[in-house]
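**Q** First the structure, which I've put down as structure tokens, then a few questions once you've had a look.
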Amino acid sequence: MIKDQWISFIHQLQDDICAALEKADGKATFQEDKWDRAEGGGGRTRVISNGAVLEKGGVNTSVVFGPVTDMMRSQLKINGHSWFACGLSLVIHPDNPFVPTVHCNYRMFELYDEQGEVMDRWFGGGTDLTPYYLFEEDAIHFHQTYKNACDQFDSSFYPRFKTECDEYFVNWHRNKERRGIGGIFYDYQRPDETKDVQFWMAFAKSCGYAFIDSYIPIVEKRKENEFTPENKYWQEIRRGRYTEFNLVHDRGTIFGLKTNGRIESILMSLPPTVRFDYNHQPAEGSKEWELWQACLHPKEWI
């Protein structure tokens with residue numbers, strides 16, 4: 001069954017990503033919290049904290065299902081009898097401001113009629129990078145890794161999904177400021193005659209494992225960088241922007257809250273410390289200003 005194949009892939013990806021992150025940290029390990037959802041399904045939340053590198057992070061998987069509720073019909077525009085969703089979602093917040101925060105999510109959604117037949121099925125996912133200081137070679141490496149993953153399947157994917165990412169992770173209320181330097185993002189990809197279910201599953205696998213190749217080398221390169229209280233201060237200002245996006249705009253957060261998801265897992269993405277200074281502006285020409293400009297004006301890294 002498609003569903004079983006997908007669940008198996010998502011759980012294996014969780015294991016492999018956690019192992020890679022633990023190795024890069026060298027001190028902390030993930031603690032697993034298994035949970036059940038009263039309406040159907042459950043998940044495996046894995047959290048790491050106070051590591052040598054990782055201040056706070058989570059790599060979560062969930063397999064959830066249930067009847068389509070009136071609220072889902074009206075607010076999420078989902079029409080059917082019942083639904084199923086399974087995915088992996090991770091957010092990593094390093095302690096060192098020179099190591100970027102990263103987010104990654106891959107999921108499959110199915111909608112069923114009253115006979116339990118699949119009415120609709122779509123795939124979504126992506127990975128995006130949120131640095132606090134801009135290292136051009138890191139940005140190029142990150143984007144190149146995802147371009148390589150995309151190009152194996154369709155050369156139009158990377159430019160398309162890169163643009164979607166740049167237009168999704170945006171704090172529209174802050175002069176269209178992006179929360180980071182992007183990556184790829186795709187949603188509502190339905191299998192068809194040319195790109196069937198196996199195509200989209202293989203694509204998710206390629207992108208899912210590209211997380212390890214894209215992010216871990218950056219962690220290894222930057223984790224020993226010395227930083228000052230001023231660097232940490234700026235990190236917390238930017239983490240405030242991250243928090244704003246997740247609480248105001250993020251569709252995954254909204255879906256989780258509207259479907260009575262597990263609140264601890266939904267809000268796991270929030271950073272441990274943030275600042276909301278009044279009208280904070282970095283000094284023009286500073287390293288902080290340079291990062292801010294990259295968030296205001298997305299660029300082509302490759």
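Residue numbering restarts at 1 for every chain of the structure tokens, chains are lettered A, B, ... in their displayed order, and ligands are numbered from 1 as they appear.
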Just list as an MDAnalysis selection string whatever in stretch 42-251 of chain A DSSP marks as strand (DSSP E).
**A** chainID A and resid 42:49 54:67 82:94 101:112 118:130 170:171 177:178 182:189
**Q** So which residues of stretch 91-170 of chain A fall under alpha helix (DSSP H) by DSSP, listed as a PyMOL selection string?
**A** chain A and resi 136-151+157-168
**Q** What are the nearest atom pairs, with distances in Å to one decimal, for all residues of stretch 192-288 of chain A that come at most 12 Å from stretch 21-40 of chain A, using only C-alpha atoms, set out by chain and rising residue number as CSV?
**A**
```
residue,atom,partner,partner_atom,distance
A:Phe211,CA,A:Leu21,CA,10.6
A:Ile212,CA,A:Leu21,CA,8.3
A:Asp213,CA,A:Leu21,CA,11.4
A:Tyr215,CA,A:Leu21,CA,9.4
A:Ile216,CA,A:Ala24,CA,6.9
A:Pro217,CA,A:Ala24,CA,9.0
A:Ile218,CA,A:Ala24,CA,10.2
A:Val219,CA,A:Ala24,CA,7.2
A:Glu220,CA,A:Ala24,CA,6.7
A:Lys221,CA,A:Ala24,CA,10.5
A:Arg222,CA,A:Ala24,CA,11.2
A:Lys223,CA,A:Asp25,CA,8.9
A:Glu224,CA,A:Asp25,CA,11.2
A:Gly256,CA,A:Arg37,CA,11.7
A:Thr259,CA,A:Glu39,CA,9.3
A:Asn260,CA,A:Glu39,CA,8.5
A:Gly261,CA,A:Arg37,CA,7.5
A:Arg262,CA,A:Arg37,CA,7.5
A:Ile263,CA,A:Arg37,CA,11.1
A:Glu264,CA,A:Asp33,CA,10.4
A:Ser265,CA,A:Trp35,CA,9.7
```
**Q** Quick one: write out the picked residues with N, CA, C and O atoms as a PDB file, in the first residue's frame?
**A**
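What follows is the written file part_16.pdb:
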```pdb
ATOM      1  N   PHE A 211      18.733  16.790   2.954  1.00  0.00           N
ATOM      2  CA  PHE A 211      18.877  17.584   4.189  1.00  0.00           C
ATOM      3  C   PHE A 211      20.233  17.322   4.843  1.00  0.00           C
ATOM      4  O   PHE A 211      20.939  18.252   5.252  1.00  0.00           O
ATOM      5  N   ILE A 212      20.605  16.048   4.939  1.00  0.00           N
ATOM      6  CA  ILE A 212      21.864  15.680   5.606  1.00  0.00           C
ATOM      7  C   ILE A 212      23.046  16.258   4.835  1.00  0.00           C
ATOM      8  O   ILE A 212      23.963  16.849   5.425  1.00  0.00           O
ATOM      9  N   ASP A 213      23.014  16.139   3.510  1.00  0.00           N
ATOM     10  CA  ASP A 213      24.117  16.626   2.682  1.00  0.00           C
ATOM     11  C   ASP A 213      24.194  18.153   2.633  1.00  0.00           C
ATOM     12  O   ASP A 213      25.264  18.720   2.450  1.00  0.00           O
ATOM     13  N   TYR A 215      22.953  20.394   5.078  1.00  0.00           N
ATOM     14  CA  TYR A 215      23.063  21.111   6.359  1.00  0.00           C
ATOM     15  C   TYR A 215      24.259  20.696   7.204  1.00  0.00           C
ATOM     16  O   TYR A 215      24.957  21.555   7.763  1.00  0.00           O
ATOM     17  N   ILE A 216      24.514  19.402   7.321  1.00  0.00           N
ATOM     18  CA  ILE A 216      25.570  18.923   8.229  1.00  0.00           C
ATOM     19  C   ILE A 216      26.945  19.530   7.899  1.00  0.00           C
ATOM     20  O   ILE A 216      27.666  19.950   8.810  1.00  0.00           O
ATOM     21  N   PRO A 217      27.349  19.627   6.611  1.00  0.00           N
ATOM     22  CA  PRO A 217      28.642  20.254   6.326  1.00  0.00           C
ATOM     23  C   PRO A 217      28.737  21.711   6.806  1.00  0.00           C
ATOM     24  O   PRO A 217      29.814  22.169   7.209  1.00  0.00           O
ATOM     25  N   ILE A 218      27.624  22.442   6.771  1.00  0.00           N
ATOM     26  CA  ILE A 218      27.626  23.831   7.262  1.00  0.00           C
ATOM     27  C   ILE A 218      27.820  23.849   8.775  1.00  0.00           C
ATOM     28  O   ILE A 218      28.592  24.655   9.312  1.00  0.00           O
ATOM     29  N   VAL A 219      27.140  22.942   9.466  1.00  0.00           N
ATOM     30  CA  VAL A 219      27.310  22.830  10.928  1.00  0.00           C
ATOM     31  C   VAL A 219      28.776  22.553  11.252  1.00  0.00           C
ATOM     32  O   VAL A 219      29.377  23.213  12.119  1.00  0.00           O
ATOM     33  N   GLU A 220      29.364  21.582  10.563  1.00  0.00           N
ATOM     34  CA  GLU A 220      30.756  21.202  10.833  1.00  0.00           C
ATOM     35  C   GLU A 220      31.710  22.371  10.571  1.00  0.00           C
ATOM     36  O   GLU A 220      32.681  22.572  11.301  1.00  0.00           O
ATOM     37  N   LYS A 221      31.419  23.163   9.553  1.00  0.00           N
ATOM     38  CA  LYS A 221      32.297  24.271   9.176  1.00  0.00           C
ATOM     39  C   LYS A 221      32.226  25.438  10.170  1.00  0.00           C
ATOM     40  O   LYS A 221      33.211  26.130  10.404  1.00  0.00           O
ATOM     41  N   ARG A 222      31.035  25.662  10.774  1.00  0.00           N
ATOM     42  CA  ARG A 222      30.823  26.875  11.576  1.00  0.00           C
ATOM     43  C   ARG A 222      30.736  26.649  13.081  1.00  0.00           C
ATOM     44  O   ARG A 222      30.774  27.616  13.843  1.00  0.00           O
ATOM     45  N   LYS A 223      30.637  25.412  13.522  1.00  0.00           N
ATOM     46  CA  LYS A 223      30.316  25.175  14.941  1.00  0.00           C
ATOM     47  C   LYS A 223      31.410  25.604  15.918  1.00  0.00           C
ATOM     48  O   LYS A 223      31.132  25.825  17.094  1.00  0.00           O
ATOM     49  N   GLU A 224      32.656  25.742  15.429  1.00  0.00           N
ATOM     50  CA  GLU A 224      33.746  26.170  16.311  1.00  0.00           C
ATOM     51  C   GLU A 224      33.972  27.688  16.278  1.00  0.00           C
ATOM     52  O   GLU A 224      34.842  28.197  16.981  1.00  0.00           O
ATOM     53  N   GLY A 256      -2.272  22.117  12.106  1.00  0.00           N
ATOM     54  CA  GLY A 256      -2.167  21.384  13.368  1.00  0.00           C
ATOM     55  C   GLY A 256      -3.154  21.888  14.411  1.00  0.00           C
ATOM     56  O   GLY A 256      -3.826  21.103  15.093  1.00  0.00           O
ATOM     57  N   THR A 259      -6.829  20.983  13.473  1.00  0.00           N
ATOM     58  CA  THR A 259      -7.189  19.557  13.499  1.00  0.00           C
ATOM     59  C   THR A 259      -6.898  18.946  14.870  1.00  0.00           C
ATOM     60  O   THR A 259      -6.747  17.737  14.987  1.00  0.00           O
ATOM     61  N   ASN A 260      -6.847  19.800  15.869  1.00  0.00           N
ATOM     62  CA  ASN A 260      -6.625  19.345  17.248  1.00  0.00           C
ATOM     63  C   ASN A 260      -5.333  18.532  17.366  1.00  0.00           C
ATOM     64  O   ASN A 260      -5.287  17.474  17.977  1.00  0.00           O
ATOM     65  N   GLY A 261      -4.288  19.069  16.734  1.00  0.00           N
ATOM     66  CA  GLY A 261      -2.980  18.409  16.804  1.00  0.00           C
ATOM     67  C   GLY A 261      -2.363  18.554  18.190  1.00  0.00           C
ATOM     68  O   GLY A 261      -2.894  19.233  19.069  1.00  0.00           O
ATOM     69  N   ARG A 262      -1.237  17.909  18.363  1.00  0.00           N
ATOM     70  CA  ARG A 262      -0.560  17.929  19.669  1.00  0.00           C
ATOM     71  C   ARG A 262       0.234  19.233  19.792  1.00  0.00           C
ATOM     72  O   ARG A 262       1.193  19.469  19.068  1.00  0.00           O
ATOM     73  N   ILE A 263      -0.162  20.070  20.734  1.00  0.00           N
ATOM     74  CA  ILE A 263       0.384  21.423  20.830  1.00  0.00           C
ATOM     75  C   ILE A 263       1.891  21.440  21.060  1.00  0.00           C
ATOM     76  O   ILE A 263       2.611  22.259  20.495  1.00  0.00           O
ATOM     77  N   GLU A 264       2.411  20.521  21.876  1.00  0.00           N
ATOM     78  CA  GLU A 264       3.858  20.503  22.148  1.00  0.00           C
ATOM     79  C   GLU A 264       4.653  20.232  20.872  1.00  0.00           C
ATOM     80  O   GLU A 264       5.738  20.780  20.671  1.00  0.00           O
ATOM     81  N   SER A 265       4.112  19.364  20.006  1.00  0.00           N
ATOM     82  CA  SER A 265       4.802  19.060  18.749  1.00  0.00           C
ATOM     83  C   SER A 265       4.679  20.211  17.763  1.00  0.00           C
ATOM     84  O   SER A 265       5.628  20.529  17.038  1.00  0.00           O
TER      85      SER A 265
END
```
**Q** If we count only C-alpha atoms, what is near A:Pro100 at a cut-off of 8 Å, once residues fewer than 2 positions away on the same chain are taken out, given as a list in words?
**A**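 The filter keeps His93, Pro94, Pro97, Phe98, Val102, Leu129, Thr130, Pro131, Tyr132, Tyr133 and Val219 of chain A.
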**Q** Let me see the file: selected residues, C-alpha atoms, as an mmCIF file, in the first residue's frame.
**A**
```cif
data_model
loop_
_atom_site.group_PDB
_atom_site.id
_atom_site.type_symbol
_atom_site.label_atom_id
_atom_site.label_comp_id
_atom_site.auth_asym_id
_atom_site.auth_seq_id
_atom_site.Cartn_x
_atom_site.Cartn_y
_atom_site.Cartn_z
ATOM 1 C CA HIS A 93 18.101 25.954 16.544
ATOM 2 C CA PRO A 94 21.872 25.918 17.132
ATOM 3 C CA PRO A 97 24.843 32.370 15.864
ATOM 4 C CA PHE A 98 27.197 31.461 13.005
ATOM 5 C CA VAL A 102 17.113 25.032 9.576
ATOM 6 C CA LEU A 129 17.826 27.801 5.772
ATOM 7 C CA THR A 130 17.728 30.672 8.265
ATOM 8 C CA PRO A 131 21.221 32.002 8.905
ATOM 9 C CA TYR A 132 21.958 34.846 11.303
ATOM 10 C CA TYR A 133 25.150 35.798 9.478
ATOM 11 C CA VAL A 219 27.310 22.830 10.928
#
```
**Q** Can you write out as CSV which residues of stretch 27-111 of chain A fall within 10 Å of stretch 188-208 of chain A, alongside each residue's closest atom pair and its distance in Å to one decimal, counting only C-alpha atoms and ordering rows by chain and ascending residue number?
**A**
```
residue,atom,partner,partner_atom,distance
A:Leu88,CA,A:Gly208,CA,9.2
A:Cys104,CA,A:Gly208,CA,8.1
A:Asn105,CA,A:Gly208,CA,8.2
A:Tyr106,CA,A:Ala204,CA,6.7
A:Arg107,CA,A:Ala204,CA,8.4
A:Met108,CA,A:Met201,CA,9.0
A:Phe109,CA,A:Tyr188,CA,8.8
```
**Q** Name the residues in contact with A:Gln144 at a cut-off of 10 Å, using only C-alpha atoms, excluding same-chain residues fewer than 2 positions from it; report them as a list in words.
**A**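 Once the adjacent positions are removed, what remains is Asp138, Ala139, Ile140, His141, Phe142, Tyr146, Lys147, Asn148, Ala149, Cys150, Tyr158, Gly183, Ser214, Trp301 and Ile302 of chain A.
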**Q** List every residue of stretch 198-258 of chain A that has an atom at most 12 Å from any atom of stretch 272-283 of chain A, and for each one report the closest atom pair and its distance in Å to one decimal, counting only C-alpha atoms, with rows sorted by chain and then by increasing residue number, as a tab-separated table.
**A**
```
residue	atom	partner	partner_atom	distance
A:Glu230	CA	A:Pro282	CA	11.4
A:Asn231	CA	A:Pro282	CA	11.7
A:Lys232	CA	A:Val274	CA	10.0
A:Tyr233	CA	A:Arg275	CA	7.8
A:Trp234	CA	A:Arg275	CA	8.6
A:Gln235	CA	A:Val274	CA	8.1
A:Glu236	CA	A:Val274	CA	4.4
A:Ile237	CA	A:Arg275	CA	4.8
A:Arg238	CA	A:Val274	CA	7.8
A:Arg239	CA	A:Val274	CA	5.5
A:Gly240	CA	A:Val274	CA	5.1
A:Arg241	CA	A:Phe276	CA	8.5
A:Tyr242	CA	A:Val274	CA	9.2
A:Thr243	CA	A:Val274	CA	8.2
A:Glu244	CA	A:Phe276	CA	10.0
```
